Structure formats: structure tokens, C-alpha cells
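> What follows is coords.pdb, made up of PDB, C-alpha atoms:
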```pdb
ATOM      1  CA  MET A   1      30.186   6.618 -22.708
ATOM      2  CA  LEU A   2      29.605   2.872 -23.142
ATOM      3  CA  LEU A   3      31.118   0.478 -25.666
ATOM      4  CA  LEU A   4      28.664  -2.283 -26.558
ATOM      5  CA  VAL A   5      30.195  -5.365 -28.161
ATOM      6  CA  GLU A   6      27.685  -7.694 -29.793
ATOM      7  CA  GLY A   7      27.069  -9.626 -32.981
ATOM      8  CA  SER A   8      26.057  -7.538 -35.982
ATOM      9  CA  SER A   9      23.140  -9.907 -36.660
ATOM     10  CA  LEU A  10      21.689  -9.577 -33.153
ATOM     11  CA  THR A  11      18.228  -7.981 -33.247
ATOM     12  CA  ASP A  12      15.711  -8.878 -30.528
ATOM     13  CA  GLN A  13      18.411  -9.341 -27.899
ATOM     14  CA  SER A  14      20.441  -6.270 -28.796
ATOM     15  CA  LEU A  15      21.083  -4.050 -25.793
ATOM     16  CA  ALA A  16      21.633  -0.847 -27.775
ATOM     17  CA  HIS A  17      18.065   0.428 -27.446
ATOM     18  CA  ALA A  18      17.852  -0.289 -23.701
ATOM     19  CA  LEU A  19      21.151   1.492 -23.049
ATOM     20  CA  LYS A  20      20.236   4.529 -25.130
ATOM     21  CA  ALA A  21      16.852   4.674 -23.375
ATOM     22  CA  GLN A  22      18.798   5.106 -20.119
ATOM     23  CA  ALA A  23      20.443   8.213 -21.639
ATOM     24  CA  HIS A  24      23.812   6.529 -22.202
ATOM     25  CA  SER A  25      26.001   7.413 -25.146
ATOM     26  CA  VAL A  26      26.683   4.096 -26.859
ATOM     27  CA  ALA A  27      29.324   3.052 -29.380
ATOM     28  CA  LEU A  28      28.949  -0.310 -31.118
ATOM     29  CA  ALA A  29      31.619  -2.842 -32.078
ATOM     30  CA  HIS A  30      31.022  -6.149 -33.845
ATOM     31  CA  THR A  31      34.540  -7.546 -34.289
ATOM     32  CA  PRO A  32      37.637  -7.906 -32.073
ATOM     33  CA  GLU A  33      39.447  -5.437 -34.339
ATOM     34  CA  SER A  34      36.722  -2.794 -34.122
ATOM     35  CA  THR A  35      36.483  -3.376 -30.361
ATOM     36  CA  GLU A  36      40.165  -2.589 -29.893
ATOM     37  CA  ALA A  37      40.065   0.390 -32.256
ATOM     38  CA  THR A  38      36.984   1.871 -30.586
ATOM     39  CA  ILE A  39      38.484   1.534 -27.121
ATOM     40  CA  GLU A  40      41.513   3.522 -28.255
ATOM     41  CA  SER A  41      39.448   6.183 -30.034
ATOM     42  CA  ILE A  42      36.795   6.969 -27.389
ATOM     43  CA  TRP A  43      38.061   5.655 -24.020
ATOM     44  CA  PRO A  44      34.693   4.240 -22.873
ATOM     45  CA  ASP A  45      33.693   4.253 -19.210
ATOM     46  CA  LEU A  46      32.536   0.644 -19.489
ATOM     47  CA  ILE A  47      32.717  -2.181 -22.022
ATOM     48  CA  ILE A  48      29.605  -4.358 -22.248
ATOM     49  CA  VAL A  49      29.985  -7.658 -24.093
ATOM     50  CA  ASN A  50      26.615  -9.104 -25.090
ATOM     51  CA  LEU A  51      26.946 -12.886 -25.274
ATOM     52  CA  LEU A  52      23.233 -13.570 -25.685
ATOM     53  CA  ASP A  53      23.949 -14.252 -29.339
ATOM     54  CA  ASP A  54      25.149 -17.858 -29.364
ATOM     55  CA  ALA A  55      27.067 -17.170 -32.555
ATOM     56  CA  LEU A  56      29.379 -14.723 -30.788
ATOM     57  CA  ASN A  57      32.478 -16.429 -29.444
ATOM     58  CA  PHE A  58      33.874 -14.398 -26.556
ATOM     59  CA  SER A  59      37.416 -15.731 -26.767
ATOM     60  CA  PRO A  60      38.563 -13.486 -29.664
ATOM     61  CA  PHE A  61      37.155 -10.454 -27.853
ATOM     62  CA  LYS A  62      38.746 -11.210 -24.483
ATOM     63  CA  ALA A  63      42.108  -9.528 -25.015
ATOM     64  CA  ALA A  64      40.623  -6.350 -26.467
ATOM     65  CA  ALA A  65      37.776  -6.067 -23.974
ATOM     66  CA  THR A  66      39.469  -7.048 -20.721
ATOM     67  CA  ASN A  67      43.244  -6.624 -21.149
ATOM     68  CA  ASN A  68      43.406  -3.116 -22.591
ATOM     69  CA  SER A  69      46.077  -0.744 -21.329
ATOM     70  CA  LEU A  70      43.461   1.552 -19.777
ATOM     71  CA  GLU A  71      42.243  -1.208 -17.427
ATOM     72  CA  LEU A  72      38.621  -0.399 -18.193
ATOM     73  CA  PRO A  73      35.814  -2.280 -16.457
ATOM     74  CA  ALA A  74      33.907  -4.851 -18.514
ATOM     75  CA  LEU A  75      30.498  -6.439 -18.020
ATOM     76  CA  LEU A  76      29.515  -9.737 -19.647
ATOM     77  CA  ILE A  77      25.878 -10.368 -20.526
ATOM     78  CA  VAL A  78      25.350 -14.140 -20.619
ATOM     79  CA  ASN A  79      22.738 -16.861 -20.908
ATOM     80  CA  ASN A  80      24.584 -19.401 -18.795
ATOM     81  CA  LYS A  81      26.719 -18.006 -15.994
ATOM     82  CA  THR A  82      28.615 -21.250 -15.401
ATOM     83  CA  GLU A  83      30.126 -21.114 -18.892
ATOM     84  CA  VAL A  84      32.089 -17.934 -18.256
ATOM     85  CA  GLU A  85      32.401 -17.705 -14.483
ATOM     86  CA  LEU A  86      36.095 -18.612 -14.664
ATOM     87  CA  LEU A  87      36.826 -15.438 -16.652
ATOM     88  CA  LYS A  88      36.620 -13.458 -13.399
ATOM     89  CA  GLN A  89      34.622 -10.661 -15.019
ATOM     90  CA  PRO A  90      31.430  -9.063 -13.704
ATOM     91  CA  ILE A  91      28.532 -11.027 -15.151
ATOM     92  CA  LEU A  92      24.835 -10.317 -15.590
ATOM     93  CA  SER A  93      22.783 -13.415 -16.407
ATOM     94  CA  PHE A  94      19.679 -13.395 -18.594
ATOM     95  CA  PRO A  95      16.851 -12.868 -17.793
ATOM     96  CA  PHE A  96      17.343  -9.545 -16.017
ATOM     97  CA  THR A  97      15.367  -6.341 -15.663
ATOM     98  CA  VAL A  98      16.262  -2.904 -17.008
ATOM     99  CA  ASP A  99      16.758  -1.758 -13.409
ATOM    100  CA  GLN A 100      19.223  -4.585 -12.769
ATOM    101  CA  LEU A 101      21.178  -3.618 -15.867
ATOM    102  CA  ARG A 102      21.259   0.027 -14.796
ATOM    103  CA  GLN A 103      22.378  -0.866 -11.271
ATOM    104  CA  GLU A 104      25.208  -3.027 -12.567
ATOM    105  CA  ILE A 105      26.389  -0.277 -14.927
ATOM    106  CA  ASP A 106      26.280   2.311 -12.126
ATOM    107  CA  ARG A 107      28.248  -0.040  -9.879
ATOM    108  CA  LEU A 108      31.025  -0.585 -12.395
ATOM    109  CA  ILE A 109      31.491   2.890 -13.824
ATOM    110  CA  LYS A 110      33.988   5.126 -12.035
ATOM    111  CA  PRO A 111      32.381   8.562 -12.483
ATOM    112  CA  ASP A 112      35.584  10.519 -11.874
ATOM    113  CA  ARG A 113      37.832   8.461 -14.165
ATOM    114  CA  PHE A 114      37.265  10.480 -17.353
ATOM    115  CA  LEU A 115      36.431  14.132 -17.844
ATOM    116  CA  ARG A 116      34.573  14.500 -21.174
ATOM    117  CA  MET A 117      33.871  17.756 -22.949
ATOM    118  CA  GLY A 118      33.302  18.082 -26.665
ATOM    119  CA  LYS A 119      36.110  16.310 -28.490
ATOM    120  CA  PHE A 120      38.258  16.144 -25.346
ATOM    121  CA  VAL A 121      38.578  13.219 -22.933
ATOM    122  CA  LEU A 122      40.906  13.611 -19.950
ATOM    123  CA  ASP A 123      42.063  10.460 -18.160
ATOM    124  CA  THR A 124      42.377  11.440 -14.517
ATOM    125  CA  ARG A 125      44.151   8.203 -13.583
ATOM    126  CA  ASN A 126      46.878   8.134 -16.214
ATOM    127  CA  SER A 127      47.241  11.860 -16.991
ATOM    128  CA  GLY A 128      46.390  11.299 -20.628
ATOM    129  CA  LEU A 129      44.355  13.317 -23.097
ATOM    130  CA  LEU A 130      42.300  12.125 -26.039
ATOM    131  CA  CYS A 131      41.668  14.966 -28.471
ATOM    132  CA  ALA A 132      39.451  14.053 -31.425
ATOM    133  CA  GLY A 133      40.638  10.464 -31.085
ATOM    134  CA  VAL A 134      44.343  11.358 -30.878
ATOM    135  CA  TYR A 135      46.220  10.400 -27.703
ATOM    136  CA  HIS A 136      48.502  12.819 -25.876
ATOM    137  CA  ARG A 137      50.491  11.996 -22.765
ATOM    138  CA  LEU A 138      50.610  15.040 -20.476
ATOM    139  CA  THR A 139      53.189  16.132 -17.951
ATOM    140  CA  PRO A 140      51.814  16.600 -14.420
ATOM    141  CA  LYS A 141      51.781  20.402 -14.720
ATOM    142  CA  ILE A 142      50.063  20.445 -18.107
ATOM    143  CA  PHE A 143      47.574  17.849 -16.895
ATOM    144  CA  ASN A 144      46.747  19.918 -13.804
ATOM    145  CA  LEU A 145      46.481  23.069 -15.907
ATOM    146  CA  LEU A 146      44.096  21.509 -18.421
ATOM    147  CA  SER A 147      42.089  19.783 -15.699
ATOM    148  CA  LEU A 148      41.575  23.078 -13.872
ATOM    149  CA  LEU A 149      40.474  24.860 -17.033
ATOM    150  CA  MET A 150      38.154  22.045 -18.173
ATOM    151  CA  LYS A 151      36.469  21.834 -14.781
ATOM    152  CA  ASN A 152      35.708  25.544 -15.152
ATOM    153  CA  GLU A 153      34.612  25.275 -18.776
ATOM    154  CA  GLY A 154      33.276  28.554 -20.143
ATOM    155  CA  GLN A 155      34.473  30.538 -17.123
ATOM    156  CA  ILE A 156      37.474  32.817 -16.798
ATOM    157  CA  VAL A 157      40.174  31.372 -14.548
ATOM    158  CA  ASN A 158      42.477  34.164 -13.461
ATOM    159  CA  ARG A 159      46.234  33.822 -13.549
ATOM    160  CA  LYS A 160      46.586  34.030  -9.775
ATOM    161  CA  THR A 161      44.228  31.077  -9.289
ATOM    162  CA  ILE A 162      46.155  29.074 -11.877
ATOM    163  CA  MET A 163      49.489  29.813 -10.203
ATOM    164  CA  GLN A 164      48.059  28.818  -6.826
ATOM    165  CA  ARG A 165      46.383  25.619  -8.009
ATOM    166  CA  VAL A 166      48.972  24.369 -10.477
ATOM    167  CA  TRP A 167      52.271  25.749  -9.168
ATOM    168  CA  ASP A 168      51.296  26.116  -5.502
ATOM    169  CA  THR A 169      52.541  29.689  -5.302
ATOM    170  CA  ASP A 170      51.118  33.155  -4.792
ATOM    171  CA  TYR A 171      54.102  34.791  -6.481
ATOM    172  CA  MET A 172      52.963  36.793  -9.508
ATOM    173  CA  GLY A 173      56.198  38.589 -10.319
ATOM    174  CA  ASP A 174      56.991  36.277 -13.237
ATOM    175  CA  THR A 175      54.339  34.136 -14.912
ATOM    176  CA  ARG A 176      56.356  33.219 -17.992
ATOM    177  CA  THR A 177      56.228  29.581 -16.858
ATOM    178  CA  LEU A 178      52.445  29.684 -17.180
ATOM    179  CA  ASP A 179      52.714  31.250 -20.632
ATOM    180  CA  VAL A 180      55.123  28.547 -21.782
ATOM    181  CA  HIS A 181      52.912  25.734 -20.493
ATOM    182  CA  MET A 182      49.885  27.300 -22.104
ATOM    183  CA  ARG A 183      51.720  27.396 -25.421
ATOM    184  CA  TRP A 184      52.691  23.721 -25.086
ATOM    185  CA  LEU A 185      49.093  22.821 -24.303
ATOM    186  CA  ARG A 186      47.761  24.791 -27.268
ATOM    187  CA  GLU A 187      50.181  22.966 -29.540
ATOM    188  CA  LYS A 188      48.520  19.723 -28.489
ATOM    189  CA  ILE A 189      44.860  20.649 -28.774
ATOM    190  CA  GLU A 190      44.473  23.618 -31.113
ATOM    191  CA  ASP A 191      44.208  23.312 -34.895
ATOM    192  CA  ASP A 192      46.018  26.652 -35.085
ATOM    193  CA  PRO A 193      47.903  27.356 -31.811
ATOM    194  CA  SER A 194      48.502  30.957 -32.921
ATOM    195  CA  HIS A 195      44.746  31.507 -33.123
ATOM    196  CA  PRO A 196      43.359  29.417 -30.254
ATOM    197  CA  ARG A 197      39.645  28.648 -30.087
ATOM    198  CA  HIS A 198      39.609  26.280 -27.091
ATOM    199  CA  LEU A 199      42.160  27.929 -24.777
ATOM    200  CA  VAL A 200      41.190  31.566 -24.995
ATOM    201  CA  THR A 201      43.282  34.348 -23.458
ATOM    202  CA  VAL A 202      41.312  36.961 -21.535
ATOM    203  CA  ARG A 203      43.840  39.750 -21.693
ATOM    204  CA  GLY A 204      44.999  41.055 -18.345
ATOM    205  CA  ILE A 205      42.941  38.492 -16.414
ATOM    206  CA  GLY A 206      43.529  34.856 -17.313
ATOM    207  CA  TYR A 207      42.227  32.094 -19.545
ATOM    208  CA  ARG A 208      38.958  30.432 -20.492
ATOM    209  CA  PHE A 209      38.500  26.879 -21.797
ATOM    210  CA  VAL A 210      35.827  26.499 -24.491
ATOM    211  CA  ALA A 211      34.991  22.890 -25.329
ATOM    212  CA  THR A 212      32.863  23.632 -28.390
ATOM    213  CA  PRO A 213      33.596  27.022 -29.957
ATOM    214  CA  GLN A 214      30.808  28.664 -31.920
TER     215      GLN A 214
END
```
Let me see the file written as C-alpha cells.


Amino acid sequence: MLLLVEGSSLTDQSLAHALKAQAHSVALAHTPESTEATIESIWPDLIIVNLLDDALNFSPFKAAATNNSLELPALLIVNNKTEVELLKQPILSFPFTVDQLRQEIDRLIKPDRFLRMGKFVLDTRNSGLLCAGVYHRLTPKIFNLLSLLMKNEGQIVNRKTIMQRVWDTDYMGDTRTLDVHMRWLREKIEDDPSHPRHLVTVRGIGYRFVATPQ
């Protein structure tokens, strides 16, 4: 997921089409306020600030694009490198090829930083969860539990595997701790925790995570 920041009047030099042609999901922001709001609502893998529009002043965007709490990477697209080289941000100077743009994006994106499925985004660095744009801070156990289930999306994860991977134990005499943590997790991500659609119980076996229920 990329966040593209550029002037709303930019046409010929807009990067949206080129990015989408490379199979990237792209969100657009045209103001500092929408930049900050979009960062918080989607947790992009990379922020691209298109400065090819001379009318776009980067200064108002700097705090939102480069000083966010998530410490996301940012790439500046510029006409004149010397004008912004003191910002200490990765820069790609025009003219450049589509391959050069792709290589720079691949270099900056950390592929394991976010785990995205449906409306869920899991931050593997900060143990946070974004669920339909709503932030949840997770305890280490709940984070590990959700991470395990998401990485096995659509598959049944048996209770023994969960106890081994999350609690580092083979003891199955009392799994009430797992049940309690599952309830806490459902309260965060389910519209109706009593009738879960994403964290499904497979009775007598374990649980299955479903990112997009039918």
C-alpha cells in the first residue's frame, strides 16, 4: 500500500497511473491534513511525495510525511535535487524511468513490516492492529496469537499448536488462558464478539482466521 502525496491539479506529471500500473494499491492525499489522516487510517508501506508540481510547497507536508509516529519511509520526487538534499530523505530526480521508480520503491519498502488482510493491518514492529481504520494496541500474547492466525488465514490452527507457539508450552490440561485471550481479541475485531465471523471456533480442534467472511 502506497500513499501518494501530490497537488490536486497535477495531471501530466501525476504518478498515480504509473504506480497502479505496477500493481500497487495507491491512496491519494492533496493536503497536509489529508496526508496525516490517511497515514493514520491505512498505515502505508511507503509515502511518496511528488514535488514535480512547482505549486506544491513541501514544507507543510514535511511533519506529516516524515515525522509520523510509525516512522514510515518516504520518497521525494523532485525536479532539482539540490533544493531538497538537506532534508535527508530518499530522493528520485526527474527525469527517471519506470524501472528506476520501481527499484527505488522496492528498496525502501520493508516487506515484513505490515501484514495486510481484508480490513486488518498488523504492525509487526510496534505490535499494533488497524481494524477498519481503528487503532488497537495489542499485548505481546494477543499480538502473537493474532499474527499466528493471520499467517494461516483460512486454515485451522489447532489448540496445541497455538499453545506451543504463543505460550511456549505443550501442556494441554488447562487452556482457559487461550479462551480468555481469544475473547479479548474478538472484542477488538468482531462486530459481534458473541457471533464471531473473523475468529471462528472449530469445535474440538482449534480456530480459523477469516479475513473476509462470505

> What is the distance, in Å and to one decimal place, between CA of Ser194 (chain A) and CA of Thr177 (chain A)?

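Spanning CA of Ser194 (chain A) to CA of Thr177 (chain A) is a straight-line distance of 17.9 Å.
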
> Given the file above and the PyMOL selection byres ((chain A and resi 22) around 12), which residues are selected, and can you give them as a PyMOL selection string?

chain A and resi 1-2+15-21+23-26+98-99+101-103+105-106

> At most 12 Å is the cut-off: for each residue in region 1-62 of chain A with any atom that close to an atom of region 70-81 of chain A, write down the nearest atom pair and the distance in Å rounded to one decimal, counting all atoms listed in the file, chain first then increasing number, as CSV.


```
residue,atom,partner,partner_atom,distance
A:Met1,CA,A:Leu72,CA,11.9
A:Leu2,CA,A:Ala74,CA,10.0
A:Leu3,CA,A:Ala74,CA,9.3
A:Leu4,CA,A:Leu75,CA,9.7
A:Val5,CA,A:Leu76,CA,9.6
A:Glu6,CA,A:Ile77,CA,9.8
A:Gln13,CA,A:Ile77,CA,10.5
A:Ser14,CA,A:Ile77,CA,10.7
A:Leu15,CA,A:Ile77,CA,9.5
A:Glu36,CA,A:Leu70,CA,11.4
A:Ile39,CA,A:Leu70,CA,8.9
A:Glu40,CA,A:Leu70,CA,8.9
A:Ser41,CA,A:Leu70,CA,11.9
A:Ile42,CA,A:Leu70,CA,11.5
A:Trp43,CA,A:Leu70,CA,8.0
A:Pro44,CA,A:Leu72,CA,7.7
A:Asp45,CA,A:Leu72,CA,6.9
A:Leu46,CA,A:Pro73,CA,5.3
A:Ile47,CA,A:Ala74,CA,4.6
A:Ile48,CA,A:Leu75,CA,4.8
A:Val49,CA,A:Leu76,CA,4.9
A:Asn50,CA,A:Ile77,CA,4.8
A:Leu51,CA,A:Val78,CA,5.1
A:Leu52,CA,A:Val78,CA,5.5
A:Asp53,CA,A:Val78,CA,8.8
A:Asp54,CA,A:Asn79,CA,8.8
A:Leu56,CA,A:Val78,CA,11.0
A:Asn57,CA,A:Val78,CA,11.6
A:Phe58,CA,A:Leu76,CA,9.4
A:Phe61,CA,A:Leu76,CA,11.2
A:Lys62,CA,A:Ala74,CA,10.0
```

> Selection from above, C-alpha atoms, as a tab-separated table (two decimals), keeping the file's coordinate frame, can you write it?


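The new file again.tsv reads:
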```tsv
chain	number	residue	atom	x	y	z
A	1	MET	CA	30.19	6.62	-22.71
A	2	LEU	CA	29.60	2.87	-23.14
A	3	LEU	CA	31.12	0.48	-25.67
A	4	LEU	CA	28.66	-2.28	-26.56
A	5	VAL	CA	30.20	-5.36	-28.16
A	6	GLU	CA	27.68	-7.69	-29.79
A	13	GLN	CA	18.41	-9.34	-27.90
A	14	SER	CA	20.44	-6.27	-28.80
A	15	LEU	CA	21.08	-4.05	-25.79
A	36	GLU	CA	40.16	-2.59	-29.89
A	39	ILE	CA	38.48	1.53	-27.12
A	40	GLU	CA	41.51	3.52	-28.26
A	41	SER	CA	39.45	6.18	-30.03
A	42	ILE	CA	36.80	6.97	-27.39
A	43	TRP	CA	38.06	5.66	-24.02
A	44	PRO	CA	34.69	4.24	-22.87
A	45	ASP	CA	33.69	4.25	-19.21
A	46	LEU	CA	32.54	0.64	-19.49
A	47	ILE	CA	32.72	-2.18	-22.02
A	48	ILE	CA	29.60	-4.36	-22.25
A	49	VAL	CA	29.98	-7.66	-24.09
A	50	ASN	CA	26.62	-9.10	-25.09
A	51	LEU	CA	26.95	-12.89	-25.27
A	52	LEU	CA	23.23	-13.57	-25.68
A	53	ASP	CA	23.95	-14.25	-29.34
A	54	ASP	CA	25.15	-17.86	-29.36
A	56	LEU	CA	29.38	-14.72	-30.79
A	57	ASN	CA	32.48	-16.43	-29.44
A	58	PHE	CA	33.87	-14.40	-26.56
A	61	PHE	CA	37.16	-10.45	-27.85
A	62	LYS	CA	38.75	-11.21	-24.48
```

> Could you work out how far CA of Arg208 (chain A) lies from CA of Leu149 (chain A), giving the answer in Å with one decimal?

6.7 Å

> Could you give me, as a PyMOL selection string, the residues within 9 Å of Ile142 (chain A), counting only C-alpha atoms and dropping anything in the same chain fewer than 6 positions from it?

chain A and resi 166+181-182+184-185

> Which one is closest to Ile91 (chain A): A:Ala27, A:Val180, A:Leu129, A:Leu108? Count all atoms listed in the file.

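That would be A:Leu108, the residue with the smallest distance to Ile91 (chain A).
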
> Report as a ChimeraX atom specification the residues that result from applying the PyMOL selection byres ((chain A and resi 8) around 9) to the structure here.

/A:6-7,9-11,29-31

> Of the candidates A:Gly206, A:Pro193, A:Pro32, A:Pro111, which shows the shortest atom-to-atom distance to Met163 (chain A), using all atoms listed in the file?

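Checking each candidate against Met163 (chain A), we get A:Gly206 as the closest.
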
> So how far away is CA of Leu145 (chain A) from CA of Trp167 (chain A), in Å?

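Atom-to-atom, CA of Trp167 (chain A) and CA of Leu145 (chain A) are spaced 9.3 Å apart.
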
> Pick from A:Gly173, A:Ile189, A:Pro95, A:Thr35: nearest to Leu130 (chain A), with only C-alpha atoms counted?

A:Ile189

> Using only C-alpha atoms, can you tell me which of A:Ala37, A:Leu92, A:Ala132, A:Val200 comes closest to Glu153 (chain A)?

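Of the candidates, the smallest distance to Glu153 (chain A) is held by A:Val200.
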
> Identify which of the residues A:Glu104, A:Leu115, A:Ser93, A:Asn68 lies closest to Asn152 (chain A), counting only C-alpha atoms when measuring atom-to-atom distances.

A:Leu115

> Centre and edge lengths, as JSON, for the axis-aligned box enclosing every listed atom of region 174-189 of chain A with 4 Å of padding on each of the six sides, in Å to one decimal?


```
{"center_x": 50.9, "center_y": 28.0, "center_z": -21.4, "size_x": 20.1, "size_y": 24.6, "size_z": 24.3}
```

> Any idea what's packed within 10 Å of Leu138 (chain A), counting only C-alpha atoms, ignoring anything in its chain fewer than 4 positions away? Could you give it as a list in words?

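Here the qualifying residues turn out to be Leu122, Asp123, Asn126, Ser127, Gly128, Leu129, Ile142, Phe143, Asn144, Leu146, Leu185 and Lys188 of chain A.
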
> If we count only C-alpha atoms, what is near Lys151 (chain A) at a cut-off of 10 Å, once residues fewer than 6 positions away on the same chain are taken out, given as a short mmCIF file (atom, residue, chain, number, x, y, z; two decimals) with C-alpha atoms, keeping the file's coordinate frame?


```cif
data_model
loop_
_atom_site.label_atom_id
_atom_site.label_comp_id
_atom_site.auth_asym_id
_atom_site.auth_seq_id
_atom_site.Cartn_x
_atom_site.Cartn_y
_atom_site.Cartn_z
CA LEU A 115 36.43 14.13 -17.84
CA ARG A 116 34.57 14.50 -21.17
CA MET A 117 33.87 17.76 -22.95
CA PHE A 209 38.50 26.88 -21.80
#
```

> Please return region 123-148 of chain A, rebuilt to N, CA and C atoms, as a PDB file, keeping the file's coordinate frame.


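Resulting contents of selection16.pdb:
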```pdb
ATOM      1  N   ASP A 123      41.946  11.642 -19.021  1.00  0.00           N
ATOM      2  CA  ASP A 123      42.063  10.460 -18.160  1.00  0.00           C
ATOM      3  C   ASP A 123      42.695  10.886 -16.844  1.00  0.00           C
ATOM      4  N   THR A 124      41.884  10.929 -15.794  1.00  0.00           N
ATOM      5  CA  THR A 124      42.377  11.440 -14.517  1.00  0.00           C
ATOM      6  C   THR A 124      43.285  10.454 -13.803  1.00  0.00           C
ATOM      7  N   ARG A 125      43.281   9.198 -14.217  1.00  0.00           N
ATOM      8  CA  ARG A 125      44.151   8.203 -13.583  1.00  0.00           C
ATOM      9  C   ARG A 125      45.537   8.194 -14.196  1.00  0.00           C
ATOM     10  N   ASN A 126      45.602   8.294 -15.515  1.00  0.00           N
ATOM     11  CA  ASN A 126      46.878   8.134 -16.214  1.00  0.00           C
ATOM     12  C   ASN A 126      47.424   9.426 -16.803  1.00  0.00           C
ATOM     13  N   SER A 127      46.782  10.556 -16.498  1.00  0.00           N
ATOM     14  CA  SER A 127      47.241  11.860 -16.991  1.00  0.00           C
ATOM     15  C   SER A 127      47.387  11.881 -18.504  1.00  0.00           C
ATOM     16  N   GLY A 128      46.384  11.316 -19.167  1.00  0.00           N
ATOM     17  CA  GLY A 128      46.390  11.299 -20.628  1.00  0.00           C
ATOM     18  C   GLY A 128      45.247  12.127 -21.174  1.00  0.00           C
ATOM     19  N   LEU A 129      45.379  12.535 -22.422  1.00  0.00           N
ATOM     20  CA  LEU A 129      44.355  13.317 -23.097  1.00  0.00           C
ATOM     21  C   LEU A 129      44.050  12.681 -24.437  1.00  0.00           C
ATOM     22  N   LEU A 130      42.759  12.540 -24.728  1.00  0.00           N
ATOM     23  CA  LEU A 130      42.300  12.125 -26.039  1.00  0.00           C
ATOM     24  C   LEU A 130      41.640  13.335 -26.676  1.00  0.00           C
ATOM     25  N   CYS A 131      42.191  13.779 -27.777  1.00  0.00           N
ATOM     26  CA  CYS A 131      41.668  14.966 -28.471  1.00  0.00           C
ATOM     27  C   CYS A 131      41.282  14.562 -29.880  1.00  0.00           C
ATOM     28  N   ALA A 132      39.966  14.492 -30.125  1.00  0.00           N
ATOM     29  CA  ALA A 132      39.451  14.053 -31.425  1.00  0.00           C
ATOM     30  C   ALA A 132      40.041  12.700 -31.810  1.00  0.00           C
ATOM     31  N   GLY A 133      40.149  11.809 -30.833  1.00  0.00           N
ATOM     32  CA  GLY A 133      40.638  10.464 -31.085  1.00  0.00           C
ATOM     33  C   GLY A 133      42.140  10.313 -31.085  1.00  0.00           C
ATOM     34  N   VAL A 134      42.875  11.392 -30.887  1.00  0.00           N
ATOM     35  CA  VAL A 134      44.343  11.358 -30.878  1.00  0.00           C
ATOM     36  C   VAL A 134      44.845  11.418 -29.435  1.00  0.00           C
ATOM     37  N   TYR A 135      45.721  10.498 -29.079  1.00  0.00           N
ATOM     38  CA  TYR A 135      46.220  10.400 -27.703  1.00  0.00           C
ATOM     39  C   TYR A 135      47.405  11.335 -27.477  1.00  0.00           C
ATOM     40  N   HIS A 136      47.382  11.989 -26.309  1.00  0.00           N
ATOM     41  CA  HIS A 136      48.502  12.819 -25.876  1.00  0.00           C
ATOM     42  C   HIS A 136      48.818  12.474 -24.420  1.00  0.00           C
ATOM     43  N   ARG A 137      50.064  12.173 -24.146  1.00  0.00           N
ATOM     44  CA  ARG A 137      50.491  11.996 -22.765  1.00  0.00           C
ATOM     45  C   ARG A 137      50.891  13.362 -22.217  1.00  0.00           C
ATOM     46  N   LEU A 138      50.385  13.713 -21.037  1.00  0.00           N
ATOM     47  CA  LEU A 138      50.610  15.040 -20.476  1.00  0.00           C
ATOM     48  C   LEU A 138      51.553  14.972 -19.286  1.00  0.00           C
ATOM     49  N   THR A 139      52.383  16.003 -19.155  1.00  0.00           N
ATOM     50  CA  THR A 139      53.189  16.132 -17.951  1.00  0.00           C
ATOM     51  C   THR A 139      52.261  16.493 -16.786  1.00  0.00           C
ATOM     52  N   PRO A 140      52.690  16.278 -15.560  1.00  0.00           N
ATOM     53  CA  PRO A 140      51.814  16.600 -14.420  1.00  0.00           C
ATOM     54  C   PRO A 140      51.324  18.042 -14.411  1.00  0.00           C
ATOM     55  N   LYS A 141      52.190  18.995 -14.737  1.00  0.00           N
ATOM     56  CA  LYS A 141      51.781  20.402 -14.720  1.00  0.00           C
ATOM     57  C   LYS A 141      50.759  20.699 -15.813  1.00  0.00           C
ATOM     58  N   ILE A 142      51.003  20.198 -17.015  1.00  0.00           N
ATOM     59  CA  ILE A 142      50.063  20.445 -18.107  1.00  0.00           C
ATOM     60  C   ILE A 142      48.741  19.746 -17.835  1.00  0.00           C
ATOM     61  N   PHE A 143      48.812  18.547 -17.258  1.00  0.00           N
ATOM     62  CA  PHE A 143      47.574  17.849 -16.895  1.00  0.00           C
ATOM     63  C   PHE A 143      46.781  18.666 -15.885  1.00  0.00           C
ATOM     64  N   ASN A 144      47.438  19.139 -14.827  1.00  0.00           N
ATOM     65  CA  ASN A 144      46.747  19.918 -13.804  1.00  0.00           C
ATOM     66  C   ASN A 144      46.194  21.217 -14.367  1.00  0.00           C
ATOM     67  N   LEU A 145      46.935  21.830 -15.273  1.00  0.00           N
ATOM     68  CA  LEU A 145      46.481  23.069 -15.907  1.00  0.00           C
ATOM     69  C   LEU A 145      45.226  22.828 -16.738  1.00  0.00           C
ATOM     70  N   LEU A 146      45.251  21.796 -17.583  1.00  0.00           N
ATOM     71  CA  LEU A 146      44.096  21.509 -18.421  1.00  0.00           C
ATOM     72  C   LEU A 146      42.906  21.049 -17.583  1.00  0.00           C
ATOM     73  N   SER A 147      43.168  20.255 -16.572  1.00  0.00           N
ATOM     74  CA  SER A 147      42.089  19.783 -15.699  1.00  0.00           C
ATOM     75  C   SER A 147      41.386  20.948 -15.024  1.00  0.00           C
ATOM     76  N   LEU A 148      42.146  21.902 -14.524  1.00  0.00           N
ATOM     77  CA  LEU A 148      41.575  23.078 -13.872  1.00  0.00           C
ATOM     78  C   LEU A 148      40.705  23.869 -14.846  1.00  0.00           C
TER      79      LEU A 148
END
```
